[in-house]
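Q: One file: structure.cif (mmCIF, C-alpha atoms).
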data_my_file
#
loop_
_atom_site.label_atom_id
_atom_site.label_comp_id
_atom_site.auth_asym_id
_atom_site.auth_seq_id
_atom_site.Cartn_x
_atom_site.Cartn_y
_atom_site.Cartn_z
CA MET D 19 -128.52 174.80 -60.56
CA GLU D 20 -128.70 175.94 -64.16
CA VAL D 21 -129.97 173.29 -66.54
CA ILE D 22 -128.88 173.44 -70.18
CA SER D 23 -130.93 171.38 -72.62
CA LEU D 24 -129.12 169.43 -75.29
CA LYS D 25 -131.55 170.81 -77.86
CA ARG D 26 -129.62 173.39 -79.85
CA ARG D 27 -130.03 177.05 -78.91
CA SER D 28 -132.29 176.19 -75.96
CA LEU D 29 -131.68 177.08 -72.32
CA ILE D 30 -133.85 176.15 -69.36
CA SER D 31 -132.88 178.01 -66.20
CA LEU D 32 -133.28 176.70 -62.65
CA GLY D 33 -131.80 178.01 -59.42
CA LEU D 34 -128.54 179.74 -60.34
CA GLY D 35 -129.60 180.03 -63.96
CA GLY D 36 -131.46 183.32 -63.67
CA LEU D 37 -128.51 184.90 -61.93
CA ALA D 38 -126.17 183.36 -64.47
CA LEU D 39 -128.02 185.02 -67.31
CA ALA D 40 -127.80 188.33 -65.46
CA VAL D 41 -124.05 187.88 -65.28
CA GLY D 42 -124.00 187.36 -69.03
CA ARG D 43 -125.51 190.80 -69.41
CA GLY D 44 -122.75 192.44 -67.42
CA CYS D 45 -123.98 192.30 -63.80
CA LEU D 46 -121.29 190.47 -61.81
CA PRO D 47 -122.56 189.19 -58.43
CA THR D 48 -120.81 189.12 -55.09
CA TRP D 49 -119.24 185.68 -55.19
CA SER D 50 -119.51 185.01 -51.44
CA GLN D 51 -123.28 185.23 -51.71
CA GLN D 52 -123.28 182.40 -54.25
CA SER D 53 -120.78 180.07 -52.55
CA THR D 54 -121.97 176.85 -50.93
CA PRO D 55 -120.01 174.25 -48.99
CA LEU D 56 -118.51 171.39 -50.96
CA SER D 57 -121.03 168.56 -51.04
CA PRO D 58 -122.27 165.86 -53.39
CA ILE D 59 -123.93 167.13 -56.58
CA SER D 60 -127.46 168.41 -56.12
CA THR D 61 -129.99 166.26 -57.98
CA VAL D 62 -132.89 168.75 -57.89
CA GLY D 63 -135.27 166.18 -56.42
CA LEU D 64 -134.12 163.26 -58.55
CA VAL D 65 -133.23 159.91 -56.99
CA GLU D 66 -129.88 158.66 -58.31
CA THR D 67 -129.87 155.13 -59.67
CA GLU D 68 -126.41 155.19 -61.26
CA GLU D 69 -122.86 155.99 -60.22
CA PRO D 70 -121.59 158.92 -62.27
CA LEU D 71 -118.29 159.20 -64.09
CA ARG D 72 -116.36 161.93 -62.29
CA PHE D 73 -113.39 163.97 -63.41
CA MET D 74 -111.73 167.33 -62.73
CA ALA D 75 -110.10 169.96 -64.95
CA ILE D 76 -107.50 172.64 -64.22
CA GLY D 77 -105.31 174.89 -66.30
CA ASP D 78 -102.25 177.15 -66.11
CA VAL D 79 -100.98 175.38 -63.02
CA GLY D 80 -97.27 174.76 -63.57
CA THR D 81 -95.82 177.23 -61.07
CA GLY D 82 -94.94 175.22 -57.97
CA SER D 83 -96.42 178.13 -56.01
CA PRO D 84 -98.44 178.07 -52.76
CA GLU D 85 -101.51 178.90 -54.86
CA GLN D 86 -101.04 175.75 -56.94
CA TYR D 87 -100.70 173.69 -53.76
CA ALA D 88 -103.87 175.24 -52.32
CA VAL D 89 -105.91 174.22 -55.35
CA ALA D 90 -104.30 170.77 -55.38
CA GLN D 91 -105.27 170.31 -51.74
CA ALA D 92 -108.86 171.31 -52.49
CA MET D 93 -108.93 168.72 -55.28
CA MET D 94 -107.63 166.11 -52.84
CA GLN D 95 -110.37 166.96 -50.34
CA ARG D 96 -112.99 166.48 -53.04
CA GLN D 97 -111.33 163.22 -54.00
CA GLN D 98 -112.07 161.89 -50.53
CA ILE D 99 -115.84 162.37 -50.89
CA ALA D 100 -116.32 162.14 -54.68
CA PRO D 101 -113.44 160.15 -56.22
CA SER D 102 -112.38 161.02 -59.77
CA PRO D 103 -110.29 158.50 -61.71
CA PHE D 104 -108.72 161.21 -63.89
CA ALA D 105 -108.16 164.94 -64.40
CA LEU D 106 -107.56 167.16 -67.42
CA LEU D 107 -104.68 169.63 -67.62
CA ALA D 108 -105.62 172.49 -69.97
CA GLY D 109 -102.09 173.60 -70.79
CA ASP D 110 -99.28 175.76 -69.40
CA ASN D 111 -98.32 172.74 -67.35
CA ILE D 112 -94.73 173.95 -66.78
CA TYR D 113 -93.81 177.62 -66.47
CA ASP D 114 -92.05 179.45 -67.95
CA ARG D 115 -90.93 177.47 -70.97
CA GLY D 116 -91.98 173.85 -70.54
CA GLU D 117 -88.68 172.78 -68.97
CA ILE D 118 -89.19 169.10 -68.15
CA GLY D 119 -86.53 169.35 -65.45
CA LYS D 120 -89.12 171.19 -63.32
CA ILE D 121 -91.63 168.34 -63.49
CA HIS D 122 -91.21 167.28 -59.86
CA GLN D 123 -91.60 170.84 -58.59
CA VAL D 124 -94.66 171.77 -60.67
CA PHE D 125 -96.50 168.44 -61.08
CA GLU D 126 -95.31 165.40 -59.18
CA GLN D 127 -95.00 167.14 -55.82
CA PRO D 128 -98.14 169.37 -55.87
CA TYR D 129 -100.37 166.46 -56.97
CA ALA D 130 -98.51 163.71 -55.08
CA GLU D 131 -101.56 162.67 -53.03
CA LEU D 132 -103.80 162.50 -56.08
CA LEU D 133 -101.18 160.54 -58.02
CA THR D 134 -100.75 158.13 -55.11
CA GLN D 135 -104.49 157.49 -55.19
CA GLY D 136 -104.24 156.57 -58.87
CA VAL D 137 -105.69 159.73 -60.40
CA LYS D 138 -104.56 159.85 -64.03
CA PHE D 139 -103.78 163.22 -65.60
CA TYR D 140 -104.33 163.90 -69.32
CA ALA D 141 -102.55 167.04 -70.56
CA ALA D 142 -102.85 169.46 -73.45
CA LEU D 143 -100.00 171.73 -74.55
CA GLY D 144 -100.12 175.43 -73.71
CA ASN D 145 -98.13 178.29 -75.18
CA HIS D 146 -95.63 178.17 -72.31
CA ASP D 147 -95.16 174.42 -72.79
CA VAL D 148 -93.74 174.71 -76.30
CA GLY D 149 -90.88 177.04 -75.32
CA THR D 150 -88.50 174.10 -74.84
CA ASN D 151 -88.09 171.44 -77.54
CA ASN D 152 -91.47 172.50 -78.94
CA GLY D 153 -93.21 170.69 -76.08
CA GLU D 154 -92.01 167.24 -77.15
CA ASP D 155 -90.56 166.53 -73.70
CA GLU D 156 -94.01 166.96 -72.18
CA VAL D 157 -95.61 164.80 -74.85
CA ALA D 158 -93.13 162.03 -73.98
CA TYR D 159 -93.56 162.39 -70.20
CA PRO D 160 -95.57 159.33 -68.98
CA GLY D 161 -97.40 161.24 -66.24
CA TYR D 162 -99.19 163.43 -68.79
CA ASN D 163 -100.60 160.43 -70.70
CA MET D 164 -100.32 162.14 -74.09
CA SER D 165 -100.23 159.77 -77.04
CA GLY D 166 -99.34 162.73 -79.29
CA ARG D 167 -99.60 166.49 -79.59
CA TYR D 168 -103.30 165.86 -80.09
CA TYR D 169 -105.06 162.64 -79.18
CA THR D 170 -108.31 161.04 -78.05
CA PHE D 171 -109.33 158.68 -75.25
CA THR D 172 -112.60 157.29 -73.93
CA GLN D 173 -113.94 156.94 -70.41
CA GLN D 174 -117.28 155.14 -70.18
CA SER D 175 -119.84 157.17 -72.15
CA VAL D 176 -117.49 160.12 -72.81
CA GLN D 177 -114.90 160.49 -75.56
CA PHE D 178 -112.29 163.20 -75.01
CA PHE D 179 -110.32 164.97 -77.72
CA ALA D 180 -107.16 166.89 -76.74
CA LEU D 181 -106.01 169.54 -79.22
CA ASP D 182 -102.75 171.45 -79.68
CA THR D 183 -104.13 174.91 -80.35
CA ASN D 184 -100.61 176.33 -80.53
CA GLN D 185 -100.64 175.14 -84.13
CA ALA D 186 -103.69 177.32 -84.80
CA ILE D 187 -102.02 180.53 -83.66
CA THR D 188 -98.44 179.91 -84.80
CA ARG D 189 -97.43 181.58 -88.03
CA GLY D 190 -96.20 179.01 -90.52
CA ALA D 191 -98.12 176.13 -88.89
CA GLU D 192 -101.21 176.47 -91.07
CA SER D 193 -100.77 173.09 -92.72
CA LEU D 194 -100.25 171.39 -89.36
CA TRP D 195 -103.44 172.96 -88.01
CA ALA D 196 -105.35 171.90 -91.13
CA GLU D 197 -104.16 168.31 -90.62
CA GLN D 198 -105.22 168.47 -86.97
CA LEU D 199 -108.68 169.73 -87.88
CA GLN D 200 -109.09 166.91 -90.37
CA TRP D 201 -108.04 164.44 -87.69
CA LEU D 202 -110.64 165.94 -85.33
CA ARG D 203 -113.41 165.63 -87.92
CA THR D 204 -112.48 162.04 -88.66
CA GLU D 205 -112.30 160.99 -85.02
CA LEU D 206 -115.56 162.75 -84.14
CA GLN D 207 -117.30 161.07 -87.06
CA ARG D 208 -116.05 157.68 -85.85
CA SER D 209 -117.15 158.27 -82.27
CA ARG D 210 -120.17 156.39 -80.98
CA GLN D 211 -120.05 157.81 -77.46
CA LEU D 212 -123.02 159.65 -75.95
CA TRP D 213 -120.88 162.62 -74.88
CA LYS D 214 -117.99 164.28 -76.72
CA VAL D 215 -115.66 166.70 -74.92
CA VAL D 216 -112.83 168.70 -76.53
CA PHE D 217 -110.11 170.28 -74.39
CA ALA D 218 -107.17 172.48 -75.30
CA HIS D 219 -105.26 175.49 -74.00
CA HIS D 220 -106.57 178.48 -75.92
CA PRO D 221 -110.14 179.72 -75.48
CA VAL D 222 -112.64 179.93 -78.28
CA TYR D 223 -114.85 182.45 -76.46
CA SER D 224 -113.39 184.32 -73.47
CA SER D 225 -114.00 187.50 -71.46
CA GLY D 226 -110.57 187.27 -69.83
CA GLN D 227 -107.37 189.18 -70.49
CA HIS D 228 -106.43 187.30 -73.65
CA GLY D 229 -110.01 187.18 -74.88
CA SER D 230 -111.52 185.10 -77.66
CA THR D 231 -109.38 183.48 -80.34
CA ALA D 232 -110.54 184.50 -83.82
CA ILE D 233 -109.07 181.54 -85.71
CA LEU D 234 -110.65 179.10 -83.26
CA ILE D 235 -114.04 180.80 -83.58
CA GLU D 236 -113.73 180.37 -87.32
CA ASP D 237 -112.62 176.74 -87.26
CA LEU D 238 -113.99 174.89 -84.23
CA PRO D 239 -117.68 175.76 -83.60
CA PRO D 240 -118.80 174.53 -87.06
CA ILE D 241 -117.11 171.18 -86.37
CA PHE D 242 -118.65 171.03 -82.90
CA ALA D 243 -122.12 171.68 -84.35
CA ASP D 244 -121.69 169.06 -87.06
CA TYR D 245 -120.56 166.33 -84.65
CA ASP D 246 -122.52 167.15 -81.50
CA VAL D 247 -119.68 168.30 -79.25
CA ARG D 248 -121.35 169.58 -76.09
CA LEU D 249 -118.38 170.83 -74.08
CA TYR D 250 -115.06 172.61 -74.74
CA ILE D 251 -112.61 173.08 -71.85
CA ASN D 252 -109.62 175.45 -71.96
CA GLY D 253 -107.17 177.51 -69.94
CA HIS D 254 -104.92 180.42 -71.05
CA ASP D 255 -107.02 183.10 -69.38
CA HIS D 256 -106.38 182.89 -65.65
CA ASN D 257 -109.97 182.84 -64.48
CA TYR D 258 -113.13 180.75 -64.58
CA GLU D 259 -115.84 181.39 -67.15
CA ARG D 260 -118.81 179.37 -68.36
CA THR D 261 -120.68 180.42 -71.48
CA VAL D 262 -124.31 179.95 -72.34
CA PRO D 263 -124.67 177.23 -74.99
CA ILE D 264 -123.43 178.59 -78.30
CA ASP D 265 -125.00 176.57 -81.11
CA GLY D 266 -125.22 173.65 -78.68
CA THR D 267 -121.73 173.85 -77.14
CA THR D 268 -120.83 175.14 -73.66
CA TYR D 269 -117.34 176.64 -73.30
CA ILE D 270 -115.52 176.43 -69.95
CA THR D 271 -112.38 178.42 -69.12
CA THR D 272 -110.63 176.91 -66.10
CA GLY D 273 -107.25 178.66 -66.11
CA ASN D 274 -107.47 179.51 -62.40
CA GLY D 275 -105.43 176.60 -61.05
CA ALA D 276 -102.50 178.68 -59.76
CA LEU D 277 -102.54 182.18 -61.29
CA LEU D 278 -105.25 184.85 -61.44
CA ARG D 279 -106.11 187.77 -63.71
CA PRO D 280 -109.29 189.85 -63.89
CA VAL D 281 -112.25 188.71 -65.98
CA GLY D 282 -115.19 190.66 -67.36
CA SER D 283 -118.38 189.42 -68.99
CA SER D 284 -119.75 189.23 -72.52
CA ASP D 285 -123.04 188.52 -74.21
CA TRP D 286 -122.23 184.81 -74.08
CA THR D 287 -121.20 184.74 -70.39
CA ALA D 288 -123.32 182.63 -68.06
CA TYR D 289 -120.92 182.96 -65.13
CA ALA D 290 -117.43 184.39 -64.63
CA SER D 291 -115.10 184.72 -61.66
CA SER D 292 -111.46 185.43 -60.86
CA GLN D 293 -110.60 183.18 -57.93
CA LEU D 294 -108.35 180.18 -57.46
CA GLY D 295 -109.97 176.82 -58.10
CA TYR D 296 -110.77 174.01 -60.50
CA THR D 297 -113.79 172.60 -62.29
CA ALA D 298 -115.42 169.29 -61.40
CA PHE D 299 -117.71 167.21 -63.59
CA GLU D 300 -120.16 164.37 -63.03
CA VAL D 301 -121.49 162.48 -66.04
CA TYR D 302 -124.77 160.56 -65.97
CA SER D 303 -126.67 158.91 -68.78
CA ASP D 304 -129.09 161.85 -68.96
CA ARG D 305 -126.98 164.85 -67.93
CA PHE D 306 -123.51 166.33 -67.58
CA VAL D 307 -123.06 168.28 -64.33
CA ILE D 308 -120.50 171.11 -64.04
CA GLN D 309 -119.29 172.59 -60.75
CA ALA D 310 -116.74 175.38 -60.25
CA ILE D 311 -115.05 174.95 -56.86
CA ASP D 312 -112.64 177.40 -55.23
CA SER D 313 -109.56 176.66 -53.12
CA ASN D 314 -111.67 176.90 -49.94
CA ASN D 315 -113.97 174.11 -51.13
CA GLN D 316 -116.83 176.45 -51.99
CA ILE D 317 -119.01 175.75 -55.01
CA TYR D 318 -119.58 179.08 -56.75
CA ASP D 319 -121.12 177.97 -60.04
CA GLU D 320 -123.17 174.92 -60.96
CA ALA D 321 -124.90 173.94 -64.17
CA SER D 322 -126.22 170.79 -65.82
CA ILE D 323 -126.31 169.94 -69.53
CA VAL D 324 -129.21 167.52 -69.91
CA SER D 325 -130.34 165.26 -72.70
CA ALA D 326 -133.50 166.13 -74.57
#
Represent the supplied structure as structure tokens.
A:
Amino acid sequence: MEVISLKRRSLISLGLGGLALAVGRGCLPTWSQQSTPLSPISTVGLVETEEPLRFMAIGDVGTGSPEQYAVAQAMMQRQQIAPSPFALLAGDNIYDRGEIGKIHQVFEQPYAELLTQGVKFYAALGNHDVGTNNGEDEVAYPGYNMSGRYYTFTQQSVQFFALDTNQAITRGAESLWAEQLQWLRTELQRSRQLWKVVFAHHPVYSSGQHGSTAILIEDLPPIFADYDVRLYINGHDHNYERTVPIDGTTYITTGNGALLRPVGSSDWTAYASSQLGYTAFEVYSDRFVIQAIDSNNQIYDEASIVSA
């Protein structure tokens, strides 16, 4: 397991970490050699004395395809051994244009078992979601638990901040994006939680087909550094990628919930893969554990952000 210290610009590597750094320099491994069966989180010799907060994250899922069902079933199998009370949807929840009439086909039916078990989904808006009624139908849909186009909620020691990054990339929406950034600063300043997680659709740093988003690189990392945001989760690129900590923040692309595209690697890449799956998280008082799990219940990347 790779261990990422919370001290800024520091990285302590254990287990997968050395390989992860090699990936970041452009040497992609054979994924089957790194896969391990789905099991409880490795504690690297530590004895657990607390029950973690668990959650999952997926993106770009709204297809109703067999691939979406395969990932949903893998999530359900994990739910049976490591229950998560909630999951994050990183946008493009309904293809092709956010038509709410498809909600049963692309959400309620694929995740029926998880919903029956009380798993709560929190959604962000993707670029495909705003094609109908500017995404307002999704915002109003109760199953997505969105209190607005951007919003915040807290679970135990973690405060989550959902952004509408469509406003950042839409011409003519500059003032709306500026208002959203001010909201983010204000809410982060108010937060007293140990961990702060931001999630949205568009990547800040990405080695996938769409690549990094210049306006987000300009606007978000300085805010994250100022207010101690340790994790940013996104979709848009249809792959999995985890960055090394960039000024204290780890960036996770988890847009592999139903569709796949190739992914490369960059100087910031700790691990990257193009295979169906989702990302699982376990939060302790001293660390934040990240696992990438494929649709066959294989863990192919694992890292831990730990407190200093």
Q: Quick one: of D:Phe306, D:Tyr223, D:Tyr87, D:Phe171, who's nearest to Gly275 (chain D), counting all atoms listed in the file?
A: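 Residue with the minimum atom-to-atom distance to Gly275 (chain D): D:Tyr87.
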Q: With distances taken over all atoms listed in the file, which of D:Gly153, D:Ala75, D:Thr172, D:Ala232 is nearest to Phe139 (chain D)?
A: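 Once distances to Phe139 (chain D) are computed over all atoms listed in the file, the minimum belongs to D:Ala75.
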Q: With all atoms listed in the file as the atoms that count, which of D:Gln123, D:Asn257, D:Gln316, D:Thr188 lies nearest to Ile233 (chain D)?
A: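 Nearest to Ile233 (chain D): D:Thr188.
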Q: Out of D:Glu236, D:Val137, D:Pro128, D:Ala196, which residue has the shortest atom-to-atom distance to Ser83 (chain D) when counting only C-alpha atoms?
A: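 Nearest to Ser83 (chain D): D:Pro128.
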Q: Kindly provide, as lines of an AutoDock Vina configuration file, the centre and edge lengths (Å, one decimal) of an axis-aligned box around all atoms of region 292-304 of chain D given in the file, with 6 Å on each side.
A:
center_x = -118.7
center_y = 172.2
center_z = -63.2
size_x = 32.7
size_y = 38.5
size_z = 23.5
Q: Distance CA of Leu234 (chain D)-CA of Val222 (chain D), one decimal place?
A: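 CA of Val222 (chain D) lies 5.4 Å from CA of Leu234 (chain D).
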Q: Mind checking which residues fall within 12 Å of Thr204 (chain D), counting only C-alpha atoms, ignoring those fewer than 2 positions away in the same chain, and posting them as a list of chain:residue names?
A: D:Thr170, D:Phe179, D:Glu197, D:Gln198, D:Leu199, D:Gln200, D:Trp201, D:Leu202, D:Leu206, D:Gln207, D:Arg208, D:Ser209, D:Ile241, D:Asp244, D:Tyr245
Q: Report, in Å with one decimal, the straight-line distance from CA of Gly109 (chain D) to CA of Gln91 (chain D).
A: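 Between CA of Gly109 (chain D) and CA of Gln91 (chain D) the gap works out to 19.6 Å.
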Q: Would you write out, as JSON, numbers by chain, every residue that the PyMOL selection byres ((chain D and resi 130-135) around 9) captures in this file?
A: {"D": [90, 91, 93, 94, 97, 103, 125, 126, 127, 128, 129, 136, 137, 138, 139]}
Q: If I take CA of Thr272 (chain D) and CA of Gly295 (chain D), how far is one from the other in Å, to one decimal?
A: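 Taking CA of Thr272 (chain D) and CA of Gly295 (chain D), their separation equals 8.0 Å.
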Q: D:Gln177, D:Asn111, D:Asn184, D:Asn145: which is nearest Val215 (chain D), counting all atoms listed in the file?
A: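 Nearest candidate to Val215 (chain D) out of D:Gln177, D:Asn111, D:Asn184, D:Asn145: D:Gln177.
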